[in-house]
Amino acid sequence: MFQAFDSEAVDPRADRQAWMALLARAPLDLLESALAPWSSAAPDWLRKPETGLYMVQGRAGATGERFNLGEVTVTRCALRLASGGARHVGVAYVLGRLHRKAHLAATADALLQDVAHREALDANLLQPLRQWSAQRSAQRQAQAQSTKVEFFTVARESGGADGDEDAP
């Protein structure tokens with residue numbers, strides 16, 4: 001396949017990865033309010049919502065050896081929705097035991113794959129989620145900044161390079 005050199009290649013997977021990350025972190029009330037018009041759609045369940053444990057790994061200093069940090073509860077599901085003659089598969093993995101949240105996230109994933117619904121869902125669901133995510137990130141950053149402690153050394157406070165104030 002040939003592509004023009006002066007245009008960027010568009011990866012359709014990148015869009016889906018971005019919206020799935022937003023949907024996984026979204027609060028339940030935002031999902032319910034945005035997906036209310038599509039709540040009557042009966043899904044064809046490929047995997048009903050089920051809860052299990054995942055092992056989370058960490059790294060010391062982001063460069064060290066991996067170690068098992070602990071387990072987290074995750075709910076997953078997969079469904080198929082018929083939309084305008086096409087049948088799109090939606091999947092969701094969310095932290096916690098909220099089966100309704102996993103169902104709504106998978107429904108949104110399936111609907112977003114249909115071009116006919118994408119614009120409306122982008123305006124009513126994804127944009128509010130992006131704003132919520134940015135606000136949440138700013139709150140966390142402000143909270144972390146409020147706990148910042150600056151330590152001064154005696155040499156920096158006195159102004160002497162070697163820490164001796166009485167030097168000629």
# chains A, B, ... in the order shown; residues from 1 in each chain; ligands from 1
call {"tool": "select_by_dssp", "arguments": {"residues": "segment 7-133 of chain A", "states": "alpha helix (DSSP H)", "output": "ChimeraX atom specification"}}
result
/A:12-25,28-34,99-112,115-121,127-133
call {"tool": "select_by_dssp", "arguments": {"residues": "segment 32-82 of chain A", "states": "strand (DSSP E)", "output": "ChimeraX atom specification"}}
result
/A:44-59,66-82
call {"tool": "write_last_selection", "arguments": {"atoms": "N, CA, C and O atoms", "output": "compact mmCIF listing (two decimals), in the first residue's frame"}}
result
# COMPACT_ATOMS: atom_id res chain seq x y z
N ASP A 44 -25.94 -9.12 22.11
CA ASP A 44 -25.71 -10.54 21.94
C ASP A 44 -24.43 -10.82 22.73
O ASP A 44 -23.34 -10.44 22.30
N TRP A 45 -24.55 -11.44 23.88
CA TRP A 45 -23.41 -11.63 24.77
C TRP A 45 -22.43 -12.66 24.22
O TRP A 45 -22.80 -13.79 23.93
N LEU A 46 -21.19 -12.27 24.09
CA LEU A 46 -20.12 -13.20 23.78
C LEU A 46 -19.49 -13.67 25.09
O LEU A 46 -19.08 -14.82 25.21
N ARG A 47 -19.41 -12.78 26.05
CA ARG A 47 -18.95 -13.10 27.40
C ARG A 47 -19.64 -12.13 28.34
O ARG A 47 -19.39 -10.93 28.31
N LYS A 48 -20.54 -12.64 29.17
CA LYS A 48 -21.24 -11.78 30.13
C LYS A 48 -20.23 -11.22 31.13
O LYS A 48 -19.16 -11.80 31.32
N PRO A 49 -20.57 -10.11 31.78
CA PRO A 49 -19.62 -9.54 32.73
C PRO A 49 -19.23 -10.55 33.82
O PRO A 49 -20.09 -11.19 34.42
N GLU A 50 -17.93 -10.68 34.00
CA GLU A 50 -17.40 -11.59 35.01
C GLU A 50 -16.22 -10.93 35.68
O GLU A 50 -15.47 -10.17 35.06
N THR A 51 -16.07 -11.22 36.96
CA THR A 51 -15.04 -10.58 37.77
C THR A 51 -13.96 -11.60 38.10
O THR A 51 -14.25 -12.75 38.42
N GLY A 52 -12.73 -11.14 38.05
CA GLY A 52 -11.59 -11.99 38.39
C GLY A 52 -10.44 -11.15 38.92
O GLY A 52 -10.56 -9.94 39.12
N LEU A 53 -9.33 -11.80 39.16
CA LEU A 53 -8.14 -11.13 39.69
C LEU A 53 -7.04 -11.10 38.65
O LEU A 53 -6.84 -12.06 37.91
N TYR A 54 -6.33 -10.00 38.59
CA TYR A 54 -5.16 -9.85 37.73
C TYR A 54 -3.97 -9.53 38.62
O TYR A 54 -4.08 -8.75 39.57
N MET A 55 -2.82 -10.09 38.29
CA MET A 55 -1.59 -9.78 39.01
C MET A 55 -0.98 -8.51 38.41
O MET A 55 -0.81 -8.41 37.19
N VAL A 56 -0.67 -7.56 39.26
CA VAL A 56 -0.08 -6.30 38.84
C VAL A 56 1.41 -6.36 39.14
O VAL A 56 1.81 -6.73 40.24
N GLN A 57 2.21 -6.00 38.15
CA GLN A 57 3.65 -6.00 38.33
C GLN A 57 4.17 -4.58 38.40
O GLN A 57 3.57 -3.65 37.85
N GLY A 58 5.30 -4.42 39.08
CA GLY A 58 5.93 -3.12 39.19
C GLY A 58 7.42 -3.24 38.90
O GLY A 58 7.95 -4.34 38.75
N ARG A 59 8.08 -2.09 38.81
CA ARG A 59 9.53 -2.03 38.63
C ARG A 59 10.07 -0.97 39.55
O ARG A 59 9.53 0.13 39.62
N ARG A 66 11.31 -6.68 37.25
CA ARG A 66 9.88 -6.71 37.57
C ARG A 66 9.66 -7.51 38.84
O ARG A 66 10.38 -8.48 39.12
N PHE A 67 8.65 -7.10 39.59
CA PHE A 67 8.24 -7.85 40.76
C PHE A 67 6.71 -7.81 40.85
O PHE A 67 6.08 -6.89 40.34
N ASN A 68 6.13 -8.82 41.47
CA ASN A 68 4.68 -8.87 41.64
C ASN A 68 4.28 -7.93 42.75
O ASN A 68 4.67 -8.10 43.90
N LEU A 69 3.50 -6.92 42.41
CA LEU A 69 3.08 -5.90 43.35
C LEU A 69 1.86 -6.35 44.14
O LEU A 69 1.76 -6.11 45.33
N GLY A 70 0.94 -7.00 43.47
CA GLY A 70 -0.28 -7.45 44.14
C GLY A 70 -1.35 -7.78 43.12
O GLY A 70 -1.11 -7.76 41.92
N GLU A 71 -2.53 -8.09 43.60
CA GLU A 71 -3.64 -8.44 42.73
C GLU A 71 -4.69 -7.35 42.76
O GLU A 71 -4.89 -6.69 43.78
N VAL A 72 -5.34 -7.16 41.61
CA VAL A 72 -6.44 -6.21 41.51
C VAL A 72 -7.67 -6.93 40.95
O VAL A 72 -7.55 -7.88 40.19
N THR A 73 -8.83 -6.45 41.33
CA THR A 73 -10.09 -7.01 40.83
C THR A 73 -10.44 -6.33 39.51
O THR A 73 -10.42 -5.10 39.42
N VAL A 74 -10.75 -7.13 38.50
CA VAL A 74 -11.08 -6.61 37.17
C VAL A 74 -12.35 -7.30 36.69
O VAL A 74 -12.52 -8.50 36.87
N THR A 75 -13.23 -6.52 36.08
CA THR A 75 -14.44 -7.07 35.47
C THR A 75 -14.31 -6.90 33.96
O THR A 75 -13.95 -5.83 33.48
N ARG A 76 -14.62 -7.96 33.24
CA ARG A 76 -14.52 -7.92 31.79
C ARG A 76 -15.80 -8.44 31.16
O ARG A 76 -16.55 -9.20 31.79
N CYS A 77 -16.04 -8.04 29.93
CA CYS A 77 -17.16 -8.57 29.17
C CYS A 77 -16.94 -8.30 27.69
O CYS A 77 -16.11 -7.47 27.31
N ALA A 78 -17.67 -9.04 26.88
CA ALA A 78 -17.64 -8.86 25.42
C ALA A 78 -19.05 -9.06 24.90
O ALA A 78 -19.76 -9.96 25.35
N LEU A 79 -19.45 -8.20 23.97
CA LEU A 79 -20.80 -8.27 23.42
C LEU A 79 -20.78 -7.89 21.96
O LEU A 79 -19.82 -7.32 21.46
N ARG A 80 -21.86 -8.21 21.28
CA ARG A 80 -22.03 -7.86 19.88
C ARG A 80 -23.33 -7.08 19.76
O ARG A 80 -24.36 -7.51 20.27
N LEU A 81 -23.25 -5.93 19.10
CA LEU A 81 -24.44 -5.11 18.86
C LEU A 81 -24.72 -5.02 17.37
O LEU A 81 -23.80 -4.81 16.58
N ALA A 82 -25.98 -5.16 17.01
CA ALA A 82 -26.39 -4.96 15.63
C ALA A 82 -26.72 -3.48 15.47
O ALA A 82 -27.55 -2.95 16.19
call {"tool": "residues_around", "arguments": {"residues": "Leu125 of chain A", "least_positions_apart": "6", "cutoff": "9 Å", "atoms": "only C-alpha atoms", "output": "list of chain:residue names"}}
result
A:Leu30, A:Leu31, A:Ser33, A:Ala34, A:Leu35, A:Ala108
call {"tool": "atom_distance", "arguments": {"atom1": "atom CA of Ala86 of chain A", "atom2": "atom CA of Asn124 of chain A"}}
result
22.2 Å
call {"tool": "residues_around", "arguments": {"residues": "Ala24 of chain A", "least_positions_apart": "6", "cutoff": "8 Å", "atoms": "only C-alpha atoms", "output": "list in words"}}
result
Ala92, Tyr93, Val94, Leu95, Ala102 and Ala105 of chain A
call {"tool": "write_last_selection", "arguments": {"atoms": "N, CA and C atoms", "output": "mmCIF file, in the first residue's frame"}}
result
data_model
loop_
_atom_site.group_PDB
_atom_site.id
_atom_site.type_symbol
_atom_site.label_atom_id
_atom_site.label_comp_id
_atom_site.auth_asym_id
_atom_site.auth_seq_id
_atom_site.Cartn_x
_atom_site.Cartn_y
_atom_site.Cartn_z
ATOM 1 N N ALA A 92 -14.685 -4.758 27.095
ATOM 2 C CA ALA A 92 -14.324 -3.831 28.169
ATOM 3 C C ALA A 92 -13.656 -4.587 29.299
ATOM 4 N N TYR A 93 -12.650 -3.957 29.861
ATOM 5 C CA TYR A 93 -11.976 -4.399 31.078
ATOM 6 C C TYR A 93 -11.955 -3.189 31.993
ATOM 7 N N VAL A 94 -12.560 -3.303 33.172
ATOM 8 C CA VAL A 94 -12.598 -2.191 34.117
ATOM 9 C C VAL A 94 -12.145 -2.671 35.488
ATOM 10 N N LEU A 95 -11.492 -1.781 36.221
ATOM 11 C CA LEU A 95 -11.102 -2.114 37.586
ATOM 12 C C LEU A 95 -12.335 -2.181 38.469
ATOM 13 N N ALA A 102 -18.836 -2.289 33.175
ATOM 14 C CA ALA A 102 -18.211 -3.077 32.106
ATOM 15 C C ALA A 102 -19.170 -3.226 30.929
ATOM 16 N N ALA A 105 -19.341 0.171 29.114
ATOM 17 C CA ALA A 105 -18.095 0.447 28.392
ATOM 18 C C ALA A 105 -18.000 -0.409 27.132
#
call {"tool": "closest_residue", "arguments": {"among": "A:Leu104, A:Leu121, A:Val91, A:Val115", "to": "Ala42 of chain A", "atoms": "only C-alpha atoms"}}
result
A:Leu104
call {"tool": "atom_distance", "arguments": {"atom1": "atom CA of Gly90 of chain A", "atom2": "atom CA of Asp109 of chain A"}}
result
4.8 Å
